[in-house]
Structure formats: structure tokens, C-alpha cells
file model_22.cif (mmCIF, C-alpha atoms)
data_input
loop_
_atom_site.group_PDB
_atom_site.id
_atom_site.type_symbol
_atom_site.label_atom_id
_atom_site.label_comp_id
_atom_site.auth_asym_id
_atom_site.auth_seq_id
_atom_site.Cartn_x
_atom_site.Cartn_y
_atom_site.Cartn_z
ATOM 1 C CA MET X 1 0.000 0.000 0.000
ATOM 2 C CA SER X 2 1.124 3.592 -0.592
ATOM 3 C CA GLN X 3 0.953 4.775 3.026
ATOM 4 C CA PRO X 4 0.522 3.355 6.511
ATOM 5 C CA SER X 5 -2.886 2.802 8.063
ATOM 6 C CA LYS X 6 -4.285 5.472 10.366
ATOM 7 C CA GLY X 7 -3.132 3.525 13.402
ATOM 8 C CA SER X 8 0.444 3.303 12.157
ATOM 9 C CA PRO X 9 3.140 4.771 14.484
ATOM 10 C CA LEU X 10 4.111 8.330 13.611
ATOM 11 C CA TRP X 11 7.773 7.365 13.275
ATOM 12 C CA ARG X 12 7.029 5.342 10.145
ATOM 13 C CA PRO X 13 7.446 6.860 6.652
ATOM 14 C CA THR X 14 4.286 7.695 4.717
ATOM 15 C CA ALA X 15 5.636 6.600 1.303
ATOM 16 C CA ASP X 16 6.122 2.943 0.490
ATOM 17 C CA TRP X 17 9.457 1.602 -0.734
ATOM 18 C CA SER X 18 8.383 1.162 -4.353
ATOM 19 C CA ARG X 19 7.735 4.890 -4.596
ATOM 20 C CA LEU X 20 10.929 5.811 -2.806
ATOM 21 C CA ARG X 21 12.827 3.628 -5.288
ATOM 22 C CA LEU X 22 10.999 5.386 -8.122
ATOM 23 C CA ARG X 23 12.076 8.696 -6.620
ATOM 24 C CA ALA X 24 15.718 7.567 -6.585
ATOM 25 C CA ARG X 25 15.470 6.401 -10.202
ATOM 26 C CA ILE X 26 14.012 9.757 -11.306
ATOM 27 C CA LEU X 27 16.841 11.625 -9.582
ATOM 28 C CA ARG X 28 19.340 9.451 -11.469
ATOM 29 C CA GLN X 29 17.510 10.129 -14.731
ATOM 30 C CA ILE X 30 17.638 13.876 -14.149
ATOM 31 C CA ARG X 31 21.349 13.863 -13.408
ATOM 32 C CA GLY X 32 22.020 11.712 -16.477
ATOM 33 C CA PHE X 33 19.898 14.060 -18.619
ATOM 34 C CA PHE X 34 22.015 17.074 -17.669
ATOM 35 C CA GLU X 35 25.337 15.253 -17.782
ATOM 36 C CA ALA X 36 24.610 14.247 -21.378
ATOM 37 C CA ARG X 37 23.938 17.912 -22.203
ATOM 38 C CA GLY X 38 27.047 19.258 -20.499
ATOM 39 C CA VAL X 39 25.186 21.103 -17.726
ATOM 40 C CA LEU X 40 27.208 21.408 -14.507
ATOM 41 C CA GLU X 41 25.672 20.343 -11.185
ATOM 42 C CA VAL X 42 26.254 22.930 -8.438
ATOM 43 C CA GLU X 43 25.402 23.465 -4.782
ATOM 44 C CA THR X 44 24.547 26.794 -3.161
ATOM 45 C CA PRO X 45 23.668 27.646 0.468
ATOM 46 C CA LEU X 46 20.202 26.991 1.837
ATOM 47 C CA LEU X 47 20.757 29.817 4.336
ATOM 48 C CA ALA X 48 21.153 33.431 3.242
ATOM 49 C CA GLY X 49 21.021 36.902 4.723
ATOM 50 C CA ALA X 50 18.230 37.937 2.330
ATOM 51 C CA THR X 51 15.261 36.232 0.757
ATOM 52 C CA VAL X 52 12.530 36.632 -1.824
ATOM 53 C CA THR X 53 10.467 39.834 -1.520
ATOM 54 C CA ASP X 54 7.395 38.384 -3.287
ATOM 55 C CA PRO X 55 4.361 39.136 -1.043
ATOM 56 C CA HIS X 56 2.830 35.774 -1.994
ATOM 57 C CA LEU X 57 5.748 33.781 -0.551
ATOM 58 C CA ALA X 58 6.607 33.447 3.141
ATOM 59 C CA SER X 59 10.119 32.476 4.212
ATOM 60 C CA LEU X 60 11.260 30.483 7.213
ATOM 61 C CA GLU X 61 13.927 32.266 9.213
ATOM 62 C CA THR X 62 16.409 31.599 11.987
ATOM 63 C CA ARG X 63 19.306 33.341 13.699
ATOM 64 C CA LEU X 64 22.993 32.555 13.524
ATOM 65 C CA GLY X 65 24.281 32.185 17.087
ATOM 66 C CA GLY X 66 27.361 33.700 18.660
ATOM 67 C CA PRO X 67 28.597 37.276 18.813
ATOM 68 C CA GLY X 68 26.918 39.468 16.234
ATOM 69 C CA GLY X 69 24.342 36.809 15.405
ATOM 70 C CA ARG X 70 22.563 37.444 12.121
ATOM 71 C CA ARG X 71 19.013 37.012 10.866
ATOM 72 C CA LEU X 72 19.090 34.280 8.213
ATOM 73 C CA PHE X 73 16.495 32.801 5.888
ATOM 74 C CA LEU X 74 15.948 29.307 4.509
ATOM 75 C CA GLN X 75 15.712 29.878 0.787
ATOM 76 C CA THR X 76 12.439 29.543 -1.126
ATOM 77 C CA SER X 77 14.550 28.565 -4.162
ATOM 78 C CA PRO X 78 18.256 28.582 -5.091
ATOM 79 C CA GLU X 79 17.639 31.235 -7.762
ATOM 80 C CA PHE X 80 19.477 34.198 -6.228
ATOM 81 C CA ALA X 81 22.646 32.254 -5.413
ATOM 82 C CA MET X 82 22.680 30.462 -8.772
ATOM 83 C CA LYS X 83 22.489 33.789 -10.592
ATOM 84 C CA ARG X 84 25.594 34.890 -8.702
ATOM 85 C CA LEU X 85 27.342 31.833 -10.175
ATOM 86 C CA LEU X 86 26.063 32.699 -13.658
ATOM 87 C CA ALA X 87 27.397 36.242 -13.341
ATOM 88 C CA ALA X 88 30.769 34.787 -12.285
ATOM 89 C CA GLY X 89 30.984 32.769 -15.518
ATOM 90 C CA SER X 90 29.669 29.319 -14.558
ATOM 91 C CA GLY X 91 27.964 28.577 -17.869
ATOM 92 C CA SER X 92 24.963 26.216 -17.867
ATOM 93 C CA ILE X 93 24.194 24.914 -14.367
ATOM 94 C CA PHE X 94 21.600 22.851 -12.510
ATOM 95 C CA GLN X 95 20.880 22.066 -8.885
ATOM 96 C CA ILE X 96 18.731 19.591 -6.958
ATOM 97 C CA CYS X 97 18.185 20.888 -3.444
ATOM 98 C CA LYS X 98 15.751 21.461 -0.612
ATOM 99 C CA ALA X 99 13.664 24.643 -0.629
ATOM 100 C CA PHE X 100 11.367 26.020 2.073
ATOM 101 C CA ARG X 101 8.123 27.996 2.021
ATOM 102 C CA ASN X 102 6.346 28.796 5.259
ATOM 103 C CA GLY X 103 2.695 27.876 5.632
ATOM 104 C CA GLU X 104 2.430 25.793 2.450
ATOM 105 C CA VAL X 105 0.886 22.506 3.601
ATOM 106 C CA GLY X 106 -1.589 20.388 1.673
ATOM 107 C CA ARG X 107 -2.117 17.736 -0.961
ATOM 108 C CA PHE X 108 0.447 19.329 -3.312
ATOM 109 C CA HIS X 109 2.448 21.331 -0.760
ATOM 110 C CA ASN X 110 4.981 20.575 1.960
ATOM 111 C CA PRO X 111 6.909 23.464 3.573
ATOM 112 C CA GLU X 112 10.178 21.589 2.922
ATOM 113 C CA PHE X 113 10.373 20.251 -0.630
ATOM 114 C CA THR X 114 12.866 19.163 -3.262
ATOM 115 C CA MET X 115 13.459 21.473 -6.203
ATOM 116 C CA LEU X 116 15.268 21.097 -9.503
ATOM 117 C CA GLU X 117 16.441 24.393 -10.955
ATOM 118 C CA TRP X 118 18.590 25.059 -13.994
ATOM 119 C CA TYR X 119 19.862 27.939 -16.124
ATOM 120 C CA ARG X 120 20.915 28.023 -19.759
ATOM 121 C CA PRO X 121 23.017 31.010 -20.922
ATOM 122 C CA GLY X 122 22.212 31.883 -24.529
ATOM 123 C CA PHE X 123 18.807 30.168 -24.470
ATOM 124 C CA GLU X 124 15.653 31.952 -25.590
ATOM 125 C CA LEU X 125 12.545 31.038 -23.608
ATOM 126 C CA GLU X 126 11.345 28.764 -26.421
ATOM 127 C CA GLN X 127 14.573 26.739 -26.304
ATOM 128 C CA LEU X 128 14.173 26.205 -22.571
ATOM 129 C CA MET X 129 10.551 25.133 -23.086
ATOM 130 C CA GLU X 130 11.814 22.526 -25.541
ATOM 131 C CA GLU X 131 14.300 21.235 -22.971
ATOM 132 C CA VAL X 132 11.623 21.032 -20.273
ATOM 133 C CA ASP X 133 9.456 19.078 -22.716
ATOM 134 C CA ASP X 134 12.343 16.649 -23.357
ATOM 135 C CA LEU X 135 12.851 16.091 -19.627
ATOM 136 C CA LEU X 136 9.149 15.508 -18.974
ATOM 137 C CA GLN X 137 8.962 12.974 -21.800
ATOM 138 C CA LEU X 138 11.991 11.156 -20.358
ATOM 139 C CA VAL X 139 10.672 10.996 -16.789
ATOM 140 C CA LEU X 140 6.918 10.646 -17.359
ATOM 141 C CA GLY X 141 7.074 8.689 -20.607
ATOM 142 C CA GLY X 142 4.198 10.620 -22.133
ATOM 143 C CA PRO X 143 3.629 12.592 -25.337
ATOM 144 C CA ALA X 144 5.179 15.916 -26.260
ATOM 145 C CA ALA X 145 3.734 19.001 -24.629
ATOM 146 C CA ARG X 146 1.303 21.443 -26.184
ATOM 147 C CA ARG X 147 2.340 25.107 -26.213
ATOM 148 C CA ARG X 148 -0.368 27.704 -25.736
ATOM 149 C CA THR X 149 -0.564 31.258 -24.466
ATOM 150 C CA LEU X 150 -2.357 32.102 -21.246
ATOM 151 C CA ALA X 151 -4.788 34.193 -23.321
ATOM 152 C CA GLN X 152 -5.676 31.151 -25.464
ATOM 153 C CA VAL X 153 -6.450 28.824 -22.552
ATOM 154 C CA ALA X 154 -8.239 31.552 -20.558
ATOM 155 C CA GLU X 155 -10.568 32.175 -23.486
ATOM 156 C CA GLU X 156 -11.061 28.475 -24.248
ATOM 157 C CA TYR X 157 -11.762 27.289 -20.703
ATOM 158 C CA GLY X 158 -12.995 30.411 -18.942
ATOM 159 C CA GLY X 159 -14.229 32.851 -21.562
ATOM 160 C CA PHE X 160 -12.168 35.804 -20.312
ATOM 161 C CA ASP X 161 -9.189 37.905 -21.383
ATOM 162 C CA PRO X 162 -6.427 37.776 -18.726
ATOM 163 C CA HIS X 163 -4.672 40.803 -20.209
ATOM 164 C CA GLY X 164 -7.397 43.290 -21.132
ATOM 165 C CA ALA X 165 -10.562 42.537 -19.136
ATOM 166 C CA SER X 166 -11.498 45.001 -16.397
ATOM 167 C CA ALA X 167 -11.870 44.024 -12.756
ATOM 168 C CA GLN X 168 -15.640 44.338 -13.064
ATOM 169 C CA CYS X 169 -15.750 42.028 -16.101
ATOM 170 C CA LEU X 170 -13.538 39.447 -14.394
ATOM 171 C CA ARG X 171 -15.625 39.542 -11.221
ATOM 172 C CA GLN X 172 -18.827 39.124 -13.211
ATOM 173 C CA ARG X 173 -17.297 36.176 -15.053
ATOM 174 C CA ALA X 174 -16.506 34.534 -11.722
ATOM 175 C CA VAL X 175 -20.129 35.032 -10.654
ATOM 176 C CA ASP X 176 -21.416 33.688 -13.985
ATOM 177 C CA LEU X 177 -19.278 30.556 -13.582
ATOM 178 C CA GLU X 178 -20.752 30.083 -10.094
ATOM 179 C CA LEU X 179 -17.412 29.720 -8.375
ATOM 180 C CA SER X 180 -18.276 28.446 -4.930
ATOM 181 C CA GLY X 181 -17.150 30.418 -1.911
ATOM 182 C CA LEU X 182 -16.039 33.552 -3.762
ATOM 183 C CA PRO X 183 -13.359 35.270 -1.696
ATOM 184 C CA ASP X 184 -13.841 38.686 -0.173
ATOM 185 C CA LEU X 185 -11.880 40.493 -2.877
ATOM 186 C CA PRO X 186 -12.306 44.221 -3.490
ATOM 187 C CA GLU X 187 -14.410 44.782 -6.595
ATOM 188 C CA ASP X 188 -11.545 46.706 -8.223
ATOM 189 C CA ASP X 189 -8.895 44.011 -7.520
ATOM 190 C CA ARG X 190 -8.305 43.107 -11.153
ATOM 191 C CA ALA X 191 -5.331 40.836 -10.502
ATOM 192 C CA GLY X 192 -7.179 39.045 -7.702
ATOM 193 C CA TRP X 193 -10.244 38.222 -9.825
ATOM 194 C CA ARG X 194 -8.056 37.197 -12.771
ATOM 195 C CA ASP X 195 -5.952 34.894 -10.601
ATOM 196 C CA LEU X 196 -9.095 33.388 -9.059
ATOM 197 C CA LEU X 197 -10.430 32.515 -12.516
ATOM 198 C CA VAL X 198 -7.088 31.106 -13.656
ATOM 199 C CA SER X 199 -6.589 28.935 -10.553
ATOM 200 C CA HIS X 200 -10.173 27.648 -10.247
ATOM 201 C CA VAL X 201 -11.329 27.433 -13.868
ATOM 202 C CA VAL X 202 -8.298 27.198 -16.162
ATOM 203 C CA GLU X 203 -5.520 25.357 -14.304
ATOM 204 C CA PRO X 204 -7.547 22.226 -13.398
ATOM 205 C CA ARG X 205 -8.119 21.620 -17.132
ATOM 206 C CA LEU X 206 -4.493 21.963 -18.180
ATOM 207 C CA GLY X 207 -2.167 19.070 -18.912
ATOM 208 C CA GLN X 208 -4.924 16.561 -19.605
ATOM 209 C CA GLY X 209 -3.746 13.929 -22.084
ATOM 210 C CA SER X 210 -0.404 15.669 -22.601
ATOM 211 C CA PRO X 211 1.584 18.297 -20.704
ATOM 212 C CA ASP X 212 0.766 21.963 -21.334
ATOM 213 C CA LEU X 213 3.413 24.671 -21.544
ATOM 214 C CA ILE X 214 1.593 27.967 -20.993
ATOM 215 C CA PHE X 215 3.411 31.206 -21.849
ATOM 216 C CA ASP X 216 2.953 34.992 -22.265
ATOM 217 C CA TYR X 217 1.811 35.965 -18.776
ATOM 218 C CA PRO X 218 0.539 39.397 -17.651
ATOM 219 C CA VAL X 219 3.236 41.962 -16.891
ATOM 220 C CA ASP X 220 2.268 42.136 -13.213
ATOM 221 C CA GLN X 221 3.272 38.463 -12.957
ATOM 222 C CA ALA X 222 6.729 38.961 -14.433
ATOM 223 C CA ALA X 223 8.521 38.400 -11.085
ATOM 224 C CA LEU X 224 12.163 38.058 -12.255
ATOM 225 C CA ALA X 225 11.329 37.619 -15.953
ATOM 226 C CA GLU X 226 11.917 40.014 -18.816
ATOM 227 C CA VAL X 227 8.978 41.914 -20.300
ATOM 228 C CA SER X 228 8.616 41.953 -24.088
ATOM 229 C CA SER X 229 6.366 43.801 -26.540
ATOM 230 C CA ASP X 230 7.621 41.970 -29.624
ATOM 231 C CA SER X 231 4.195 40.489 -30.442
ATOM 232 C CA GLY X 232 2.169 43.608 -29.579
ATOM 233 C CA ALA X 233 0.979 44.253 -26.032
ATOM 234 C CA PRO X 234 3.666 43.761 -23.372
ATOM 235 C CA VAL X 235 3.845 40.312 -21.761
ATOM 236 C CA ALA X 236 6.096 38.629 -19.231
ATOM 237 C CA ARG X 237 8.571 36.254 -20.873
ATOM 238 C CA ARG X 238 7.740 33.314 -18.638
ATOM 239 C CA PHE X 239 6.017 29.942 -18.887
ATOM 240 C CA GLU X 240 4.499 27.339 -16.598
ATOM 241 C CA ALA X 241 4.185 23.590 -17.189
ATOM 242 C CA TYR X 242 1.099 21.605 -16.177
ATOM 243 C CA VAL X 243 0.443 17.871 -16.078
ATOM 244 C CA ASP X 244 -2.984 16.528 -15.062
ATOM 245 C CA GLY X 245 -3.957 19.931 -13.684
ATOM 246 C CA VAL X 246 -0.836 20.128 -11.489
ATOM 247 C CA GLU X 247 1.568 23.060 -11.865
ATOM 248 C CA LEU X 248 4.976 21.474 -12.278
ATOM 249 C CA ALA X 249 7.435 24.051 -13.625
ATOM 250 C CA ASN X 250 7.941 27.810 -13.717
ATOM 251 C CA GLY X 251 10.424 29.269 -16.196
ATOM 252 C CA TYR X 252 11.692 32.737 -17.139
ATOM 253 C CA GLN X 253 13.708 34.448 -19.787
ATOM 254 C CA GLU X 254 15.680 36.102 -17.037
ATOM 255 C CA LEU X 255 15.619 39.802 -16.244
ATOM 256 C CA ARG X 256 19.173 41.205 -16.418
ATOM 257 C CA ASP X 257 18.555 44.879 -15.559
ATOM 258 C CA ALA X 258 19.662 45.421 -11.953
ATOM 259 C CA ALA X 259 17.916 48.802 -11.683
ATOM 260 C CA GLU X 260 14.611 47.295 -12.828
ATOM 261 C CA LEU X 261 15.024 44.403 -10.404
ATOM 262 C CA ARG X 262 15.597 46.844 -7.535
ATOM 263 C CA ARG X 263 12.442 48.699 -8.567
ATOM 264 C CA ARG X 264 10.479 45.426 -8.475
ATOM 265 C CA PHE X 265 11.933 44.559 -5.057
ATOM 266 C CA GLU X 266 10.903 47.981 -3.727
ATOM 267 C CA SER X 267 7.401 47.563 -5.161
ATOM 268 C CA ASP X 268 7.126 44.180 -3.425
ATOM 269 C CA LEU X 269 8.247 45.681 -0.125
ATOM 270 C CA ALA X 270 5.690 48.474 -0.426
ATOM 271 C CA GLU X 271 2.963 45.891 -1.018
ATOM 272 C CA ARG X 272 4.187 43.889 1.969
ATOM 273 C CA GLN X 273 3.908 46.955 4.165
ATOM 274 C CA GLU X 274 0.427 47.747 2.830
ATOM 275 C CA ARG X 275 -0.725 44.196 3.576
ATOM 276 C CA GLY X 276 0.868 44.086 7.030
ATOM 277 C CA LEU X 277 3.387 41.398 6.045
ATOM 278 C CA PRO X 278 6.890 41.134 7.552
ATOM 279 C CA SER X 279 9.567 43.198 5.854
ATOM 280 C CA VAL X 280 12.545 41.297 4.429
ATOM 281 C CA PRO X 281 15.971 42.543 3.331
ATOM 282 C CA VAL X 282 16.762 43.000 -0.345
ATOM 283 C CA ASP X 283 19.501 40.722 -1.695
ATOM 284 C CA GLU X 284 22.254 43.232 -2.421
ATOM 285 C CA ASN X 285 24.642 40.445 -3.457
ATOM 286 C CA LEU X 286 22.273 39.443 -6.268
ATOM 287 C CA LEU X 287 21.915 43.062 -7.401
ATOM 288 C CA ALA X 288 25.687 43.502 -7.390
ATOM 289 C CA ALA X 289 26.100 40.317 -9.441
ATOM 290 C CA MET X 290 23.574 41.570 -11.979
ATOM 291 C CA GLU X 291 25.297 44.941 -12.181
ATOM 292 C CA SER X 292 28.544 43.111 -12.980
ATOM 293 C CA GLY X 293 26.828 41.387 -15.903
ATOM 294 C CA LEU X 294 24.321 38.533 -15.825
ATOM 295 C CA PRO X 295 24.519 36.734 -19.191
ATOM 296 C CA PHE X 296 21.473 36.471 -21.421
ATOM 297 C CA CYS X 297 19.827 33.288 -20.165
ATOM 298 C CA SER X 298 16.631 31.429 -19.376
ATOM 299 C CA GLY X 299 15.988 29.423 -16.233
ATOM 300 C CA VAL X 300 13.345 27.128 -14.799
ATOM 301 C CA SER X 301 12.432 25.301 -11.606
ATOM 302 C CA ILE X 302 10.550 22.003 -11.272
ATOM 303 C CA GLY X 303 9.090 20.529 -8.103
ATOM 304 C CA ILE X 304 10.652 17.072 -7.777
ATOM 305 C CA ASP X 305 8.049 15.857 -5.271
ATOM 306 C CA ARG X 306 5.219 16.722 -7.673
ATOM 307 C CA LEU X 307 7.113 15.138 -10.566
ATOM 308 C CA VAL X 308 7.437 11.870 -8.617
ATOM 309 C CA LEU X 309 3.769 12.074 -7.620
ATOM 310 C CA LEU X 310 2.741 12.282 -11.278
ATOM 311 C CA ALA X 311 5.125 9.501 -12.335
ATOM 312 C CA ALA X 312 3.767 7.257 -9.568
ATOM 313 C CA GLY X 313 0.099 8.080 -10.147
ATOM 314 C CA ALA X 314 -0.104 9.026 -6.457
ATOM 315 C CA GLU X 315 -2.783 11.146 -4.822
ATOM 316 C CA ALA X 316 -0.766 13.414 -2.516
ATOM 317 C CA LEU X 317 2.818 14.409 -1.751
ATOM 318 C CA GLU X 318 2.833 12.344 1.438
ATOM 319 C CA ASP X 319 2.632 9.278 -0.810
ATOM 320 C CA VAL X 320 6.043 10.064 -2.346
ATOM 321 C CA ILE X 321 7.866 11.874 0.503
ATOM 322 C CA ALA X 322 9.412 9.607 3.118
ATOM 323 C CA ILE X 323 8.644 11.862 6.098
ATOM 324 C CA PRO X 324 6.335 14.869 5.487
ATOM 325 C CA VAL X 325 6.058 17.817 7.850
ATOM 326 C CA ASP X 326 3.329 16.352 10.061
ATOM 327 C CA ARG X 327 5.725 13.508 11.044
ATOM 328 C CA VAL X 328 8.883 15.492 11.781
#
call {"tool": "encode", "arguments": {"input": "model_22.cif", "output": "C-alpha cells"}}
result
Amino acid sequence: MSQPSKGSPLWRPTADWSRLRLRARILRQIRGFFEARGVLEVETPLLAGATVTDPHLASLETRLGGPGGRRLFLQTSPEFAMKRLLAAGSGSIFQICKAFRNGEVGRFHNPEFTMLEWYRPGFELEQLMEEVDDLLQLVLGGPAARRRTLAQVAEEYGGFDPHGASAQCLRQRAVDLELSGLPDLPEDDRAGWRDLLVSHVVEPRLGQGSPDLIFDYPVDQAALAEVSSDSGAPVARRFEAYVDGVELANGYQELRDAAELRRRFESDLAERQERGLPSVPVDENLLAAMESGLPFCSGVSIGIDRLVLLAAGAEALEDVIAIPVDRV
């Protein structure tokens, strides 16, 4: 069976050995995939003096003991440190490591999880999407991915425009679709109503039959991605991968402008203050690395636990993690 019975002692793992062996095999496959492509495996610290400013992510923090003890953060991803390596001339790199996000517990979330992240200097976003597709076919054994814009799937599955619709139109669409338990969002919260429609109406229908690579996101969701107007209206040069309705990967054509990144950090901090969230320090080491010259590159992260879950046909992360957070 995939997990112990309810009466099983709490010291026992929740995943059975067949799934833990599958996990080990997938990790070997991933390392072989990158070795064959000449991508260097690296390690960066899990602890850092700064962390992500994104108001939607909460970091776990601790203090370094001894004289002059410092406030440190467990990293939500290895992105900032890996970009310092890129700026120092590493070339193509990948990392498999633990990442931490406070408060994320559920069927597809564990506050401590395993992440695969890699960066490809010289790659356009489309080239990285192709590489993600190759990796998913190797590990999951399924067909090639479809590539569609967020606007295409939003119109097909939800009947709304994620880029141009007003807050009132998006809210009315949510009412028309009879979304149960509508949140108490302000009527003029355009991004909130859009994200509600995407998460509740669009995402569950993605990746059915074959993976979906969804690209061209709204500018306010650029995060650390470049913004481009090459095809008309500005869009964030990022993509997400979905399999069976599960978000699996998040990739960017990476922003290289340190001044723009600082502006985005400051905007995040202002939003944190407005929402009463804890303030966090800006990563000055990352900004300095970018000022020295981050190469043109694209990068992506994949949740290993979710990847194993999909490969195993499991129901929840506890079925593929040896010891989830409720047993530590």
C-alpha cells in the first residue's frame, strides 16, 4: 500500500518503498539528462542573509548564534545564489536541493520540498521550453507538450481575457461561472479576480492527455522575468508547465537589468507593508552580481516531489515523501 494505516506509528514513513525507489530512479535520470547535455551540477547555500520579496511567498527564518548573530532565511529557491554563479561565468548549471516555504501545507504542498532548478546562458525562452518538454517525456514517458498562451487557454476554458478585461468584467465572469465560496476580494482588484479565474477554472483543465506549456503571462506576474512587446501588447517572458492539472514548472527568460530588479523589489516591499506582512531585506549580493553582468539566459524550476507524484500516479505528496512535515 502507498501509506501506513491510520493507526500506524508516527515514526514510520508515509511513502512505500516502491515509490521511494521510483524517486531515486528519477533523480538518477535527471542527473544523467544534464550530464549528457554538459550542464554542470552545483550546490549553493540553503541559508542566506536575504530572501525573496514576493508578497505571496513566506520564508522560514532563523538566527545565527554567537557574537553578532545574524538574521538568516531558509531559501524559497536557489535562484538568487545560482544567478551569482552565472554572473561569475559558470555557464549552464543545474541544482537539486531542498527549498522552504512557510505555511504551504496540503495535498500538493509541503513546507520543505525538493526542487530542480537550472539555467541556460544563450537560451531563448522557447529553447528552454523545448528542454523542459524533453525532460518531462523522459521521466513521465508521455507525449510531447502542447504550447499555448495564457490568453488562449483563458478564453477556451474560462471565456475571459487575462490581459485586457477590467476588474468588473472578471468579477462578473466569476459570478457567472458560479465559483463556490467567492473570496472577499475588493471589486476593483483586477489581478485578484483574474488569478481566481485562472486557478479555479483554467488550471484544473491543463495538462490533460499531454503536458501543457503555458506562456505569455501578464506583466504584473513577471517576477524576475523580462517583459517583451515583440508580439504587440507587453507580456512577461515566462512559462508554466502543467500535467494533469498540477503546476509542475515555472520558467523565465531572465531579467538582467539590476535597476529594474531593484524597482520590483521595492514595489514588493511596499505591497508587503500595505498588507501588514513582515519586511525582508533585499539581496544586495544578487543586485551587485547583476550589475557586474548577468549573461542572457533562461531558467526554470521544477518541483521534484510533484514530478514523482505524477510519475507514480499518487494522490498526494505524502505518498512520495518519506517523512512529510506532520511527522517530523
call {"tool": "atom_distance", "arguments": {"input": "model_22.cif", "atom1": "atom CA of X:Gly49", "atom2": "atom CA of X:Ala81"}}
result
11.3 Å
call {"tool": "residues_around", "arguments": {"input": "model_22.cif", "residues": "stretch 161-164 of chain X", "least_positions_apart": "3", "cutoff": "10 Å", "atoms": "all atoms listed in the file", "output": "list of chain:residue names"}}
result
X:Leu150, X:Ala151, X:Gln152, X:Val153, X:Ala154, X:Glu155, X:Gly158, X:Ala167, X:Cys169, X:Leu170, X:Arg190, X:Ala191, X:Trp193, X:Arg194, X:Asp195, X:Leu197, X:Val198, X:Asp216, X:Tyr217, X:Pro218, X:Val219, X:Asp220, X:Ala233, X:Pro234, X:Val235
call {"tool": "resolve_selection", "arguments": {"input": "model_22.cif", "expression": "the PyMOL selection byres ((chain X and resi 87) around 10)", "output": "MDAnalysis selection string"}}
result
chainID X and resid 82:86 88:91 286 288:295
call {"tool": "resolve_selection", "arguments": {"input": "model_22.cif", "expression": "the PyMOL selection byres ((chain X and resi 140) around 10)", "output": "list in words"}}
result
Ile26, Leu135, Leu136, Gln137, Leu138, Val139, Gly141, Gly142, Pro143, Pro211, Val243, Leu307, Val308, Leu310, Ala311 and Ala312 of chain X
call {"tool": "atom_distance", "arguments": {"input": "model_22.cif", "atom1": "atom CA of X:Phe265", "atom2": "atom CA of X:Pro78"}}
result
17.2 Å
call {"tool": "decode", "arguments": {"input": "model_22.cif", "residues": "stretch 217-228 of chain X", "atoms": "N, CA and C atoms", "output": "PDB file, in the first residue's frame"}}
result
ATOM      1  N   TYR X 217       2.578  35.615 -19.962  1.00  0.00           N
ATOM      2  CA  TYR X 217       1.811  35.965 -18.776  1.00  0.00           C
ATOM      3  C   TYR X 217       1.668  37.487 -18.654  1.00  0.00           C
ATOM      4  N   PRO X 218       0.686  37.948 -17.865  1.00  0.00           N
ATOM      5  CA  PRO X 218       0.539  39.397 -17.651  1.00  0.00           C
ATOM      6  C   PRO X 218       1.798  40.009 -17.048  1.00  0.00           C
ATOM      7  N   VAL X 219       2.026  41.268 -17.340  1.00  0.00           N
ATOM      8  CA  VAL X 219       3.236  41.962 -16.891  1.00  0.00           C
ATOM      9  C   VAL X 219       3.334  41.980 -15.373  1.00  0.00           C
ATOM     10  N   ASP X 220       2.199  42.083 -14.674  1.00  0.00           N
ATOM     11  CA  ASP X 220       2.268  42.136 -13.213  1.00  0.00           C
ATOM     12  C   ASP X 220       2.659  40.802 -12.601  1.00  0.00           C
ATOM     13  N   GLN X 221       2.796  39.760 -13.429  1.00  0.00           N
ATOM     14  CA  GLN X 221       3.272  38.463 -12.957  1.00  0.00           C
ATOM     15  C   GLN X 221       4.669  38.151 -13.485  1.00  0.00           C
ATOM     16  N   ALA X 222       5.401  39.182 -13.862  1.00  0.00           N
ATOM     17  CA  ALA X 222       6.729  38.961 -14.433  1.00  0.00           C
ATOM     18  C   ALA X 222       7.710  38.420 -13.414  1.00  0.00           C
ATOM     19  N   ALA X 223       7.572  38.820 -12.127  1.00  0.00           N
ATOM     20  CA  ALA X 223       8.521  38.400 -11.085  1.00  0.00           C
ATOM     21  C   ALA X 223       9.942  38.773 -11.526  1.00  0.00           C
ATOM     22  N   LEU X 224      10.788  37.779 -11.823  1.00  0.00           N
ATOM     23  CA  LEU X 224      12.163  38.058 -12.255  1.00  0.00           C
ATOM     24  C   LEU X 224      12.358  37.768 -13.746  1.00  0.00           C
ATOM     25  N   ALA X 225      11.269  37.851 -14.513  1.00  0.00           N
ATOM     26  CA  ALA X 225      11.329  37.619 -15.953  1.00  0.00           C
ATOM     27  C   ALA X 225      11.400  38.935 -16.715  1.00  0.00           C
ATOM     28  N   GLU X 226      11.941  38.861 -17.932  1.00  0.00           N
ATOM     29  CA  GLU X 226      11.917  40.014 -18.816  1.00  0.00           C
ATOM     30  C   GLU X 226      10.497  40.285 -19.297  1.00  0.00           C
ATOM     31  N   VAL X 227      10.244  41.522 -19.681  1.00  0.00           N
ATOM     32  CA  VAL X 227       8.978  41.914 -20.300  1.00  0.00           C
ATOM     33  C   VAL X 227       9.265  42.240 -21.758  1.00  0.00           C
ATOM     34  N   SER X 228       8.411  41.754 -22.653  1.00  0.00           N
ATOM     35  CA  SER X 228       8.616  41.953 -24.088  1.00  0.00           C
ATOM     36  C   SER X 228       7.330  42.447 -24.738  1.00  0.00           C
TER      37      SER X 228
END
